[in-house]
>>> print(open('my_file.pdb').read())   # PDB, C-alpha atoms
MODEL        1
ATOM      1  CA  MET A   1     -18.729 -17.005   4.293  1.00  0.00           C
ATOM      2  CA  LYS A   2     -16.638 -19.755   5.894  1.00  0.00           C
ATOM      3  CA  THR A   3     -15.052 -19.064   9.291  1.00  0.00           C
ATOM      4  CA  ILE A   4     -11.772 -20.655  10.340  1.00  0.00           C
ATOM      5  CA  SER A   5     -10.119 -20.266  13.728  1.00  0.00           C
ATOM      6  CA  LEU A   6      -6.401 -20.068  14.373  1.00  0.00           C
ATOM      7  CA  ALA A   7      -7.084 -21.503  17.796  1.00  0.00           C
ATOM      8  CA  GLU A   8      -7.623 -24.791  15.957  1.00  0.00           C
ATOM      9  CA  HIS A   9      -5.224 -24.471  12.993  1.00  0.00           C
ATOM     10  CA  SER A  10      -1.689 -23.194  12.380  1.00  0.00           C
ATOM     11  CA  VAL A  11      -0.965 -20.229  10.122  1.00  0.00           C
ATOM     12  CA  ARG A  12       0.545 -22.620   7.590  1.00  0.00           C
ATOM     13  CA  GLU A  13      -2.623 -24.738   7.576  1.00  0.00           C
ATOM     14  CA  VAL A  14      -4.882 -21.697   7.184  1.00  0.00           C
ATOM     15  CA  ASN A  15      -2.845 -20.264   4.317  1.00  0.00           C
ATOM     16  CA  GLN A  16      -2.812 -23.651   2.591  1.00  0.00           C
ATOM     17  CA  LEU A  17      -6.581 -23.933   2.942  1.00  0.00           C
ATOM     18  CA  LEU A  18      -7.012 -20.495   1.398  1.00  0.00           C
ATOM     19  CA  HIS A  19      -4.779 -21.439  -1.533  1.00  0.00           C
ATOM     20  CA  ASP A  20      -6.514 -24.783  -2.096  1.00  0.00           C
ATOM     21  CA  GLN A  21     -10.034 -23.382  -1.891  1.00  0.00           C
ATOM     22  CA  ALA A  22      -9.172 -20.415  -4.075  1.00  0.00           C
ATOM     23  CA  ARG A  23      -7.998 -22.677  -6.888  1.00  0.00           C
ATOM     24  CA  GLU A  24     -11.085 -24.869  -6.585  1.00  0.00           C
ATOM     25  CA  LEU A  25     -13.329 -21.788  -6.274  1.00  0.00           C
ATOM     26  CA  THR A  26     -15.589 -23.658  -3.855  1.00  0.00           C
ATOM     27  CA  GLU A  27     -15.588 -20.967  -1.166  1.00  0.00           C
ATOM     28  CA  PRO A  28     -15.098 -17.339  -2.336  1.00  0.00           C
ATOM     29  CA  HIS A  29     -15.323 -15.635   1.083  1.00  0.00           C
ATOM     30  CA  TRP A  30     -13.390 -16.515   4.273  1.00  0.00           C
ATOM     31  CA  ARG A  31     -13.253 -15.113   7.799  1.00  0.00           C
ATOM     32  CA  ILE A  32     -10.205 -15.747  10.019  1.00  0.00           C
ATOM     33  CA  THR A  33     -10.613 -15.499  13.794  1.00  0.00           C
ATOM     34  CA  ASP A  34      -8.557 -16.040  16.971  1.00  0.00           C
ATOM     35  CA  HIS A  35      -5.235 -15.223  15.350  1.00  0.00           C
ATOM     36  CA  ASP A  36      -3.784 -13.089  18.186  1.00  0.00           C
ATOM     37  CA  GLY A  37      -1.726 -10.873  15.879  1.00  0.00           C
ATOM     38  CA  ARG A  38       0.107 -13.736  14.178  1.00  0.00           C
ATOM     39  CA  HIS A  39       2.390 -13.069  11.249  1.00  0.00           C
ATOM     40  CA  ALA A  40       2.161 -13.842   7.510  1.00  0.00           C
ATOM     41  CA  LEU A  41      -1.612 -14.261   7.344  1.00  0.00           C
ATOM     42  CA  ALA A  42      -3.274 -14.567   3.915  1.00  0.00           C
ATOM     43  CA  CYS A  43       0.019 -14.439   2.021  1.00  0.00           C
ATOM     44  CA  GLY A  44       0.562 -15.284  -1.632  1.00  0.00           C
ATOM     45  CA  LEU A  45      -3.121 -15.503  -2.599  1.00  0.00           C
ATOM     46  CA  ASP A  46      -3.476 -15.662  -6.376  1.00  0.00           C
ATOM     47  CA  GLN A  47      -7.222 -15.937  -7.000  1.00  0.00           C
ATOM     48  CA  ALA A  48     -10.188 -13.559  -6.706  1.00  0.00           C
ATOM     49  CA  ILE A  49     -11.348 -14.535  -3.221  1.00  0.00           C
ATOM     50  CA  ALA A  50     -12.214 -12.343  -0.221  1.00  0.00           C
ATOM     51  CA  VAL A  51     -10.616 -12.789   3.206  1.00  0.00           C
ATOM     52  CA  ASP A  52     -11.708 -10.961   6.353  1.00  0.00           C
ATOM     53  CA  ILE A  53      -9.226 -11.010   9.242  1.00  0.00           C
ATOM     54  CA  ASP A  54     -11.218 -10.399  12.405  1.00  0.00           C
ATOM     55  CA  GLY A  55      -8.786  -8.348  14.515  1.00  0.00           C
ATOM     56  CA  HIS A  56      -5.136  -7.320  14.566  1.00  0.00           C
ATOM     57  CA  ALA A  57      -2.536  -8.953  12.312  1.00  0.00           C
ATOM     58  CA  GLY A  58       1.242  -9.211  12.671  1.00  0.00           C
ATOM     59  CA  TYR A  59       4.073  -8.835  10.162  1.00  0.00           C
ATOM     60  CA  TYR A  60       3.726  -9.234   6.379  1.00  0.00           C
ATOM     61  CA  CYS A  61      -0.029  -9.726   6.275  1.00  0.00           C
ATOM     62  CA  ALA A  62      -1.392 -10.177   2.713  1.00  0.00           C
ATOM     63  CA  GLY A  63       2.086 -10.171   1.219  1.00  0.00           C
ATOM     64  CA  MET A  64       2.499 -11.014  -2.484  1.00  0.00           C
ATOM     65  CA  ASN A  65      -1.235 -10.652  -3.015  1.00  0.00           C
ATOM     66  CA  GLN A  66      -2.677 -11.225  -6.483  1.00  0.00           C
ATOM     67  CA  GLN A  67      -6.376 -10.661  -7.255  1.00  0.00           C
ATOM     68  CA  ALA A  68      -7.664 -11.318  -3.728  1.00  0.00           C
ATOM     69  CA  THR A  69      -9.452  -8.805  -1.495  1.00  0.00           C
ATOM     70  CA  VAL A  70      -8.134  -8.856   2.078  1.00  0.00           C
ATOM     71  CA  ASN A  71      -9.785  -6.820   4.845  1.00  0.00           C
ATOM     72  CA  VAL A  72      -8.032  -6.486   8.204  1.00  0.00           C
ATOM     73  CA  HIS A  73     -10.414  -5.325  10.915  1.00  0.00           C
ATOM     74  CA  GLY A  74      -7.690  -3.983  13.183  1.00  0.00           C
ATOM     75  CA  THR A  75      -4.084  -2.840  13.000  1.00  0.00           C
ATOM     76  CA  VAL A  76      -1.219  -4.530  11.141  1.00  0.00           C
ATOM     77  CA  GLY A  77       2.500  -4.972  11.743  1.00  0.00           C
ATOM     78  CA  VAL A  78       5.472  -4.382   9.458  1.00  0.00           C
ATOM     79  CA  GLY A  79       5.179  -4.920   5.714  1.00  0.00           C
ATOM     80  CA  VAL A  80       1.452  -5.282   5.054  1.00  0.00           C
ATOM     81  CA  ALA A  81       0.818  -6.008   1.357  1.00  0.00           C
ATOM     82  CA  GLU A  82       4.547  -6.238   0.681  1.00  0.00           C
ATOM     83  CA  ASN A  83       5.226  -7.019  -2.981  1.00  0.00           C
ATOM     84  CA  MET A  84       1.499  -7.006  -3.808  1.00  0.00           C
ATOM     85  CA  MET A  85       0.847  -7.475  -7.527  1.00  0.00           C
ATOM     86  CA  SER A  86      -2.912  -6.831  -7.809  1.00  0.00           C
ATOM     87  CA  GLY A  87      -6.139  -6.986  -5.817  1.00  0.00           C
ATOM     88  CA  ARG A  88      -7.104  -4.913  -2.789  1.00  0.00           C
ATOM     89  CA  VAL A  89      -5.885  -4.863   0.802  1.00  0.00           C
ATOM     90  CA  HIS A  90      -7.821  -2.720   3.277  1.00  0.00           C
ATOM     91  CA  VAL A  91      -6.584  -2.075   6.818  1.00  0.00           C
ATOM     92  CA  HIS A  92      -9.371  -0.783   9.054  1.00  0.00           C
ATOM     93  CA  GLY A  93      -6.875   0.637  11.521  1.00  0.00           C
ATOM     94  CA  ASN A  94      -3.220   1.690  11.665  1.00  0.00           C
ATOM     95  CA  ALA A  95      -0.229   0.138   9.888  1.00  0.00           C
ATOM     96  CA  SER A  96       3.338  -0.243  11.066  1.00  0.00           C
ATOM     97  CA  GLN A  97       6.442   0.380   8.965  1.00  0.00           C
ATOM     98  CA  SER A  98       6.961  -0.368   5.274  1.00  0.00           C
ATOM     99  CA  ALA A  99       3.311  -0.725   4.300  1.00  0.00           C
ATOM    100  CA  GLY A 100       3.070  -1.650   0.619  1.00  0.00           C
ATOM    101  CA  ALA A 101       6.839  -2.045   0.267  1.00  0.00           C
ATOM    102  CA  THR A 102       7.998  -2.976  -3.263  1.00  0.00           C
ATOM    103  CA  ALA A 103       4.381  -3.513  -4.356  1.00  0.00           C
ATOM    104  CA  HIS A 104       3.836  -3.628  -8.113  1.00  0.00           C
ATOM    105  CA  GLY A 105       0.064  -3.128  -8.399  1.00  0.00           C
ATOM    106  CA  GLY A 106      -3.331  -3.247  -6.732  1.00  0.00           C
ATOM    107  CA  LEU A 107      -4.784  -0.912  -4.106  1.00  0.00           C
ATOM    108  CA  LEU A 108      -3.743  -0.668  -0.449  1.00  0.00           C
ATOM    109  CA  VAL A 109      -6.082   1.330   1.787  1.00  0.00           C
ATOM    110  CA  ILE A 110      -5.166   2.236   5.374  1.00  0.00           C
ATOM    111  CA  ASP A 111      -7.920   3.947   7.326  1.00  0.00           C
ATOM    112  CA  GLY A 112      -5.623   5.194  10.097  1.00  0.00           C
ATOM    113  CA  ASP A 113      -1.948   6.168  10.188  1.00  0.00           C
ATOM    114  CA  ALA A 114       1.003   4.426   8.562  1.00  0.00           C
ATOM    115  CA  ALA A 115       4.450   4.460  10.167  1.00  0.00           C
ATOM    116  CA  ALA A 116       7.846   5.059   8.566  1.00  0.00           C
ATOM    117  CA  ARG A 117       8.690   4.094   4.989  1.00  0.00           C
ATOM    118  CA  CYS A 118       5.130   3.665   3.768  1.00  0.00           C
ATOM    119  CA  GLY A 119       5.383   2.777   0.082  1.00  0.00           C
ATOM    120  CA  ILE A 120       9.148   2.254   0.131  1.00  0.00           C
ATOM    121  CA  SER A 121      10.363   1.247  -3.344  1.00  0.00           C
ATOM    122  CA  MET A 122       6.763   1.160  -4.628  1.00  0.00           C
ATOM    123  CA  LYS A 123       6.645  -0.072  -8.196  1.00  0.00           C
ATOM    124  CA  GLY A 124       3.099   0.610  -9.382  1.00  0.00           C
ATOM    125  CA  VAL A 125       0.818   0.131  -6.384  1.00  0.00           C
ATOM    126  CA  ASP A 126      -1.761   2.709  -5.334  1.00  0.00           C
ATOM    127  CA  ILE A 127      -1.723   3.472  -1.593  1.00  0.00           C
ATOM    128  CA  VAL A 128      -4.353   5.650   0.096  1.00  0.00           C
ATOM    129  CA  VAL A 129      -3.822   6.538   3.766  1.00  0.00           C
ATOM    130  CA  GLY A 130      -6.651   8.127   5.738  1.00  0.00           C
ATOM    131  CA  GLY A 131      -4.297   9.472   8.402  1.00  0.00           C
ATOM    132  CA  SER A 132      -0.634  10.447   8.403  1.00  0.00           C
ATOM    133  CA  VAL A 133       2.567   8.702   7.292  1.00  0.00           C
ATOM    134  CA  GLY A 134       5.973   8.556   8.969  1.00  0.00           C
ATOM    135  CA  HIS A 135       9.434   9.523   7.778  1.00  0.00           C
ATOM    136  CA  MET A 136      10.985   8.331   4.503  1.00  0.00           C
ATOM    137  CA  SER A 137       7.631   7.410   2.972  1.00  0.00           C
ATOM    138  CA  ALA A 138       7.810   6.607  -0.762  1.00  0.00           C
ATOM    139  CA  PHE A 139      11.608   6.352  -0.491  1.00  0.00           C
ATOM    140  CA  MET A 140      12.865   5.306  -3.935  1.00  0.00           C
ATOM    141  CA  GLY A 141       9.272   5.132  -5.177  1.00  0.00           C
ATOM    142  CA  GLN A 142       9.472   4.086  -8.816  1.00  0.00           C
ATOM    143  CA  ALA A 143       5.827   4.077  -9.991  1.00  0.00           C
ATOM    144  CA  GLY A 144       2.307   4.277  -8.598  1.00  0.00           C
ATOM    145  CA  ARG A 145       0.447   6.812  -6.462  1.00  0.00           C
ATOM    146  CA  LEU A 146       0.583   7.548  -2.709  1.00  0.00           C
ATOM    147  CA  VAL A 147      -2.284   9.581  -1.268  1.00  0.00           C
ATOM    148  CA  VAL A 148      -1.985  10.869   2.310  1.00  0.00           C
ATOM    149  CA  CYS A 149      -5.047  12.500   3.825  1.00  0.00           C
ATOM    150  CA  GLY A 150      -3.108  13.609   6.906  1.00  0.00           C
ATOM    151  CA  ASP A 151       0.489  14.773   7.333  1.00  0.00           C
ATOM    152  CA  ALA A 152       3.811  13.367   6.101  1.00  0.00           C
ATOM    153  CA  GLY A 153       7.003  13.013   8.142  1.00  0.00           C
ATOM    154  CA  GLU A 154      10.594  13.821   7.267  1.00  0.00           C
ATOM    155  CA  ALA A 155      12.207  13.122   3.883  1.00  0.00           C
ATOM    156  CA  LEU A 156       9.038  12.414   1.933  1.00  0.00           C
ATOM    157  CA  GLY A 157       9.834  10.941  -1.477  1.00  0.00           C
ATOM    158  CA  ASP A 158      13.577  10.731  -0.941  1.00  0.00           C
ATOM    159  CA  SER A 159      15.339   9.529  -4.124  1.00  0.00           C
ATOM    160  CA  LEU A 160      11.970   9.375  -5.877  1.00  0.00           C
ATOM    161  CA  TYR A 161      11.673   8.177  -9.473  1.00  0.00           C
ATOM    162  CA  GLU A 162       8.241   8.506 -11.135  1.00  0.00           C
ATOM    163  CA  ALA A 163       5.703   7.826  -8.376  1.00  0.00           C
ATOM    164  CA  ARG A 164       3.132  10.568  -7.732  1.00  0.00           C
ATOM    165  CA  LEU A 165       2.527  11.743  -4.165  1.00  0.00           C
ATOM    166  CA  TYR A 166      -0.525  13.645  -2.922  1.00  0.00           C
ATOM    167  CA  VAL A 167      -0.629  15.053   0.623  1.00  0.00           C
ATOM    168  CA  ARG A 168      -3.501  16.993   2.191  1.00  0.00           C
ATOM    169  CA  GLY A 169      -1.738  18.039   5.404  1.00  0.00           C
ATOM    170  CA  SER A 170       1.724  19.346   6.182  1.00  0.00           C
ATOM    171  CA  VAL A 171       5.008  17.814   5.040  1.00  0.00           C
ATOM    172  CA  GLU A 172       7.799  17.944   7.614  1.00  0.00           C
ATOM    173  CA  SER A 173      10.468  17.898   4.907  1.00  0.00           C
ATOM    174  CA  LEU A 174      11.053  16.652   1.366  1.00  0.00           C
ATOM    175  CA  GLY A 175      13.746  14.098   0.588  1.00  0.00           C
ATOM    176  CA  ALA A 176      16.498  14.373  -2.003  1.00  0.00           C
ATOM    177  CA  ASP A 177      15.177  15.270  -5.471  1.00  0.00           C
ATOM    178  CA  CYS A 178      11.531  15.492  -4.347  1.00  0.00           C
ATOM    179  CA  ILE A 179       9.736  18.761  -5.102  1.00  0.00           C
ATOM    180  CA  GLU A 180       6.222  20.159  -5.049  1.00  0.00           C
ATOM    181  CA  LYS A 181       4.580  20.113  -8.472  1.00  0.00           C
ATOM    182  CA  GLU A 182       1.612  21.767 -10.129  1.00  0.00           C
ATOM    183  CA  MET A 183      -1.809  20.123  -9.917  1.00  0.00           C
ATOM    184  CA  ARG A 184      -3.275  19.846 -13.417  1.00  0.00           C
ATOM    185  CA  ASP A 185      -6.645  18.494 -14.563  1.00  0.00           C
ATOM    186  CA  GLU A 186      -5.284  14.953 -14.958  1.00  0.00           C
ATOM    187  CA  HIS A 187      -4.063  14.988 -11.363  1.00  0.00           C
ATOM    188  CA  TRP A 188      -7.368  16.261  -9.962  1.00  0.00           C
ATOM    189  CA  ALA A 189      -9.109  13.459 -11.869  1.00  0.00           C
ATOM    190  CA  GLU A 190      -6.827  10.634 -10.706  1.00  0.00           C
ATOM    191  CA  LEU A 191      -6.850  11.877  -7.117  1.00  0.00           C
ATOM    192  CA  ARG A 192     -10.646  12.042  -7.105  1.00  0.00           C
ATOM    193  CA  GLU A 193     -10.795   8.481  -8.446  1.00  0.00           C
ATOM    194  CA  LEU A 194      -8.326   7.139  -5.869  1.00  0.00           C
ATOM    195  CA  LEU A 195     -10.197   8.749  -2.975  1.00  0.00           C
ATOM    196  CA  ALA A 196     -13.478   7.283  -4.262  1.00  0.00           C
ATOM    197  CA  GLN A 197     -11.954   3.806  -4.600  1.00  0.00           C
ATOM    198  CA  ALA A 198     -10.696   4.021  -1.023  1.00  0.00           C
ATOM    199  CA  GLY A 199     -14.069   5.218   0.255  1.00  0.00           C
ATOM    200  CA  PHE A 200     -12.777   8.565   1.547  1.00  0.00           C
ATOM    201  CA  GLU A 201     -14.687  11.827   1.158  1.00  0.00           C
ATOM    202  CA  ALA A 202     -11.739  14.232   1.248  1.00  0.00           C
ATOM    203  CA  ASP A 203     -11.786  17.208  -1.129  1.00  0.00           C
ATOM    204  CA  PRO A 204      -9.082  16.917  -3.841  1.00  0.00           C
ATOM    205  CA  ALA A 205      -8.695  20.691  -3.755  1.00  0.00           C
ATOM    206  CA  ASP A 206      -7.071  20.386  -0.311  1.00  0.00           C
ATOM    207  CA  PHE A 207      -4.142  18.300  -1.594  1.00  0.00           C
ATOM    208  CA  ARG A 208      -0.719  19.178  -2.960  1.00  0.00           C
ATOM    209  CA  ARG A 209       1.257  17.071  -5.423  1.00  0.00           C
ATOM    210  CA  TYR A 210       4.897  16.062  -5.052  1.00  0.00           C
ATOM    211  CA  GLY A 211       7.175  14.285  -7.484  1.00  0.00           C
ATOM    212  CA  SER A 212      10.707  13.846  -8.732  1.00  0.00           C
ATOM    213  CA  ALA A 213      12.792  16.794  -9.894  1.00  0.00           C
ATOM    214  CA  ARG A 214      14.501  14.251 -12.183  1.00  0.00           C
ATOM    215  CA  GLN A 215      17.957  15.496 -11.284  1.00  0.00           C
ATOM    216  CA  LEU A 216      19.213  12.680  -9.098  1.00  0.00           C
ATOM    217  CA  TYR A 217      19.012   9.664 -11.405  1.00  0.00           C
ATOM    218  CA  ASN A 218      19.423  11.173 -14.873  1.00  0.00           C
ATOM    219  CA  PHE A 219      22.725  10.649 -16.667  1.00  0.00           C
ATOM    220  CA  HIS A 220      24.681  13.759 -17.640  1.00  0.00           C
ATOM    221  CA  VAL A 221      27.618  13.268 -19.978  1.00  0.00           C
ATOM    222  CA  ASP A 222      29.517  16.106 -18.296  1.00  0.00           C
ATOM    223  CA  ASN A 223      29.706  13.961 -15.164  1.00  0.00           C
ATOM    224  CA  ALA A 224      31.243  10.986 -16.948  1.00  0.00           C
ATOM    225  CA  ASP A 225      34.829  10.096 -16.179  1.00  0.00           C
ATOM    226  CA  GLY A 226      36.810  10.448 -19.375  1.00  0.00           C
ATOM    227  CA  GLY A 227      39.875   8.779 -17.893  1.00  0.00           C
TER     228      GLY A 227
ENDMDL
END
>>> encode(input="my_file.pdb", output="structure tokens")
Amino acid sequence: MKTISLAEHSVREVNQLLHDQARELTEPHWRITDHDGRHALACGLDQAIAVDIDGHAGYYCAGMNQQATVNVHGTVGVGVAENMMSGRVHVHGNASQSAGATAHGGLLVIDGDAAARCGISMKGVDIVVGGSVGHMSAFMGQAGRLVVCGDAGEALGDSLYEARLYVRGSVESLGADCIEKEMRDEHWAELRELLAQAGFEADPADFRRYGSARQLYNFHVDNADGG
């Protein structure tokens, strides 16, 4: 593992080093220190390397990730793993708002709590939260799975499309067109797999599933304007 300090390099220099080394595949594992919660760390990685961020990170950490594994050993600011395409991002702490926003794929694991709008406009990512999530989580979620081992705040799944939501604790309220749905064998199986991938030992039997009622976005000819 190669260690690089942000006391000696700028964020731009560190991210460029990660990109250059990833393409050359000369150093597969990096450790970033002394970053003091700076923003946009380990963004846009597109090779199968591993990056450990030793402490708290600021906004948009590990954004646009492809293939890489990023571990944050602390908390993160707004927009961790935003627009992630593949790979794995693991936050060993809490996350601020909009974790995993617009992400298309990969796995985002948050050991602690996630604030408002976790998984907003998710498009295929899997997000597993060990704690609770704030209001408007999975708002306009289009595809993917959100697993919450704690509680969910107000308006969970508001304007949801086809994402699947699993919550073990209480839900303060459901958003527009989001309803509780039956847990079938396929859902037990995928939930068990997601929990195992995240490294959590929660019992799938304790969870409830939520999804779209499919009334908000479907076209009905009776509502068309004939004039």
>>> atom_distance(input="my_file.pdb", atom1="CA of Gly58 in chain A", atom2="CA of Leu108 in chain A")
16.4 Å
>>> residues_around(input="my_file.pdb", residues="Ala198 in chain A", least_positions_apart="6", cutoff="12 Å", atoms="all atoms listed in the file", output="number ranges by chain")
A: 88-92, 106-111, 126-130, 146-149, 191-192
>>> residues_around(input="my_file.pdb", residues="Ala213 in chain A", least_positions_apart="3", cutoff="9 Å", atoms="only C-alpha atoms", output="PyMOL selection string")
chain A and resi 160-161+177-181+216
>>> residues_around(input="my_file.pdb", residues="Gly55 in chain A", least_positions_apart="3", cutoff="10 Å", atoms="all atoms listed in the file", output="number ranges by chain")
A: 32-37, 52, 71-76, 92-93
>>> closest_residue(input="my_file.pdb", among="A:Ala115, A:Ala163, A:Leu45, A:Leu194", to="Met85 in chain A", atoms="only C-alpha atoms")
A:Leu45
>>> atom_distance(input="my_file.pdb", atom1="CA of Val125 in chain A", atom2="CA of Arg31 in chain A")
25.1 Å
>>> closest_residue(input="my_file.pdb", among="A:Val80, A:Leu41, A:Ile49, A:Val133", to="Tyr166 in chain A", atoms="only C-alpha atoms")
A:Val133
>>> residues_around(input="my_file.pdb", residues="Leu174 in chain A", least_positions_apart="2", cutoff="9 Å", atoms="all atoms listed in the file", output="list in words")
Met136, Gly153, Glu154, Ala155, Leu156, Gly157, Asp158, Val171, Glu172, Ala176, Asp177, Cys178, Ile179, Glu180 and Tyr210 of chain A
>>> resolve_selection(input="my_file.pdb", expression="the PyMOL selection byres ((chain A and resi 77) around 9)", output="PyMOL selection string")
chain A and resi 37+39+56-61+75-76+78-80+94-97+99
>>> write_last_selection(input="my_file.pdb", atoms="C-alpha atoms", output="JSON list (two decimals), in the frame of the given file")
[["chain", "number", "residue", "atom", "x", "y", "z"],
["A", 37, "GLY", "CA", -1.73, -10.87, 15.88],
["A", 39, "HIS", "CA", 2.39, -13.07, 11.25],
["A", 56, "HIS", "CA", -5.14, -7.32, 14.57],
["A", 57, "ALA", "CA", -2.54, -8.95, 12.31],
["A", 58, "GLY", "CA", 1.24, -9.21, 12.67],
["A", 59, "TYR", "CA", 4.07, -8.84, 10.16],
["A", 60, "TYR", "CA", 3.73, -9.23, 6.38],
["A", 61, "CYS", "CA", -0.03, -9.73, 6.28],
["A", 75, "THR", "CA", -4.08, -2.84, 13.00],
["A", 76, "VAL", "CA", -1.22, -4.53, 11.14],
["A", 78, "VAL", "CA", 5.47, -4.38, 9.46],
["A", 79, "GLY", "CA", 5.18, -4.92, 5.71],
["A", 80, "VAL", "CA", 1.45, -5.28, 5.05],
["A", 94, "ASN", "CA", -3.22, 1.69, 11.66],
["A", 95, "ALA", "CA", -0.23, 0.14, 9.89],
["A", 96, "SER", "CA", 3.34, -0.24, 11.07],
["A", 97, "GLN", "CA", 6.44, 0.38, 8.96],
["A", 99, "ALA", "CA", 3.31, -0.72, 4.30]]
>>> residues_around(input="my_file.pdb", residues="Asn15 in chain A", least_positions_apart="4", cutoff="8 Å", atoms="all atoms listed in the file", output="ChimeraX atom specification")
/A:11,19,41-43
>>> closest_residue(input="my_file.pdb", among="A:Pro204, A:Gly144, A:Gly169, A:Gly199", to="Asp185 in chain A", atoms="all atoms listed in the file")
A:Pro204
>>> axis_aligned_box(input="my_file.pdb", around="range 59-67 of chain A", padding_each_side="3 Å", output="JSON")
{"center_x": -1.2, "center_y": -10.0, "center_z": 1.5, "size_x": 16.4, "size_y": 8.4, "size_z": 23.4}
>>> atom_distance(input="my_file.pdb", atom1="CA of Gly175 in chain A", atom2="CA of Gly141 in chain A")
11.6 Å
>>> closest_residue(input="my_file.pdb", among="A:Lys123, A:Arg145, A:Arg117, A:Arg38", to="Arg164 in chain A", atoms="all atoms listed in the file")
A:Arg145
>>> closest_residue(input="my_file.pdb", among="A:Met122, A:Ala114, A:Met64, A:Met84", to="His135 in chain A", atoms="all atoms listed in the file")
A:Ala114
>>> resolve_selection(input="my_file.pdb", expression="the PyMOL selection byres ((chain A and resi 207) around 6)", output="mmCIF file with C-alpha atoms, in the frame of the given file")
data_model
loop_
_atom_site.group_PDB
_atom_site.id
_atom_site.type_symbol
_atom_site.label_atom_id
_atom_site.label_comp_id
_atom_site.auth_asym_id
_atom_site.auth_seq_id
_atom_site.Cartn_x
_atom_site.Cartn_y
_atom_site.Cartn_z
ATOM 1 C CA VAL A 167 -0.629 15.053 0.623
ATOM 2 C CA ARG A 168 -3.501 16.993 2.191
ATOM 3 C CA PRO A 204 -9.082 16.917 -3.841
ATOM 4 C CA ALA A 205 -8.695 20.691 -3.755
ATOM 5 C CA ASP A 206 -7.071 20.386 -0.311
ATOM 6 C CA ARG A 208 -0.719 19.178 -2.960
#
>>> decode(input="my_file.pdb", residues="range 19-59 of chain A", atoms="C-alpha atoms", output="PDB file, in the first residue's frame")
ATOM      1  CA  HIS A  19      -5.819   8.205 -12.125  1.00  0.00           C
ATOM      2  CA  ASP A  20      -2.303   7.854 -13.547  1.00  0.00           C
ATOM      3  CA  GLN A  21      -1.326   4.932 -11.332  1.00  0.00           C
ATOM      4  CA  ALA A  22      -4.628   3.171 -11.895  1.00  0.00           C
ATOM      5  CA  ARG A  23      -4.126   3.182 -15.658  1.00  0.00           C
ATOM      6  CA  GLU A  24      -0.551   1.949 -15.313  1.00  0.00           C
ATOM      7  CA  LEU A  25      -1.612  -0.610 -12.677  1.00  0.00           C
ATOM      8  CA  THR A  26       1.684  -0.118 -10.847  1.00  0.00           C
ATOM      9  CA  GLU A  27       0.138   0.484  -7.423  1.00  0.00           C
ATOM     10  CA  PRO A  28      -3.252  -1.187  -6.726  1.00  0.00           C
ATOM     11  CA  HIS A  29      -3.733   0.047  -3.136  1.00  0.00           C
ATOM     12  CA  TRP A  30      -3.477   3.643  -1.838  1.00  0.00           C
ATOM     13  CA  ARG A  31      -3.907   5.311   1.546  1.00  0.00           C
ATOM     14  CA  ILE A  32      -4.696   9.045   1.779  1.00  0.00           C
ATOM     15  CA  THR A  33      -3.849  10.891   4.996  1.00  0.00           C
ATOM     16  CA  ASP A  34      -3.933  14.445   6.404  1.00  0.00           C
ATOM     17  CA  HIS A  35      -6.844  15.573   4.262  1.00  0.00           C
ATOM     18  CA  ASP A  36      -8.758  17.507   6.963  1.00  0.00           C
ATOM     19  CA  GLY A  37     -12.185  16.810   5.470  1.00  0.00           C
ATOM     20  CA  ARG A  38     -11.354  18.172   2.019  1.00  0.00           C
ATOM     21  CA  HIS A  39     -13.825  17.835  -0.812  1.00  0.00           C
ATOM     22  CA  ALA A  40     -13.882  15.745  -4.014  1.00  0.00           C
ATOM     23  CA  LEU A  41     -11.406  13.090  -2.891  1.00  0.00           C
ATOM     24  CA  ALA A  42     -10.937   9.983  -5.067  1.00  0.00           C
ATOM     25  CA  CYS A  43     -13.346  11.181  -7.751  1.00  0.00           C
ATOM     26  CA  GLY A  44     -13.775   9.723 -11.222  1.00  0.00           C
ATOM     27  CA  LEU A  45     -11.679   6.586 -10.656  1.00  0.00           C
ATOM     28  CA  ASP A  46     -12.155   4.158 -13.536  1.00  0.00           C
ATOM     29  CA  GLN A  47      -9.906   1.199 -12.708  1.00  0.00           C
ATOM     30  CA  ALA A  48     -10.001  -1.630 -10.154  1.00  0.00           C
ATOM     31  CA  ILE A  49      -7.818  -0.046  -7.477  1.00  0.00           C
ATOM     32  CA  ALA A  50      -8.402   0.300  -3.724  1.00  0.00           C
ATOM     33  CA  VAL A  51      -8.243   3.638  -1.897  1.00  0.00           C
ATOM     34  CA  ASP A  52      -8.379   4.042   1.878  1.00  0.00           C
ATOM     35  CA  ILE A  53      -9.159   7.550   3.141  1.00  0.00           C
ATOM     36  CA  ASP A  54      -7.812   7.764   6.675  1.00  0.00           C
ATOM     37  CA  GLY A  55     -10.382  10.005   8.391  1.00  0.00           C
ATOM     38  CA  HIS A  56     -13.292  12.279   7.527  1.00  0.00           C
ATOM     39  CA  ALA A  57     -13.991  13.415   3.959  1.00  0.00           C
ATOM     40  CA  GLY A  58     -15.895  16.435   2.648  1.00  0.00           C
ATOM     41  CA  TYR A  59     -18.364  16.848  -0.212  1.00  0.00           C
TER      42      TYR A  59
END
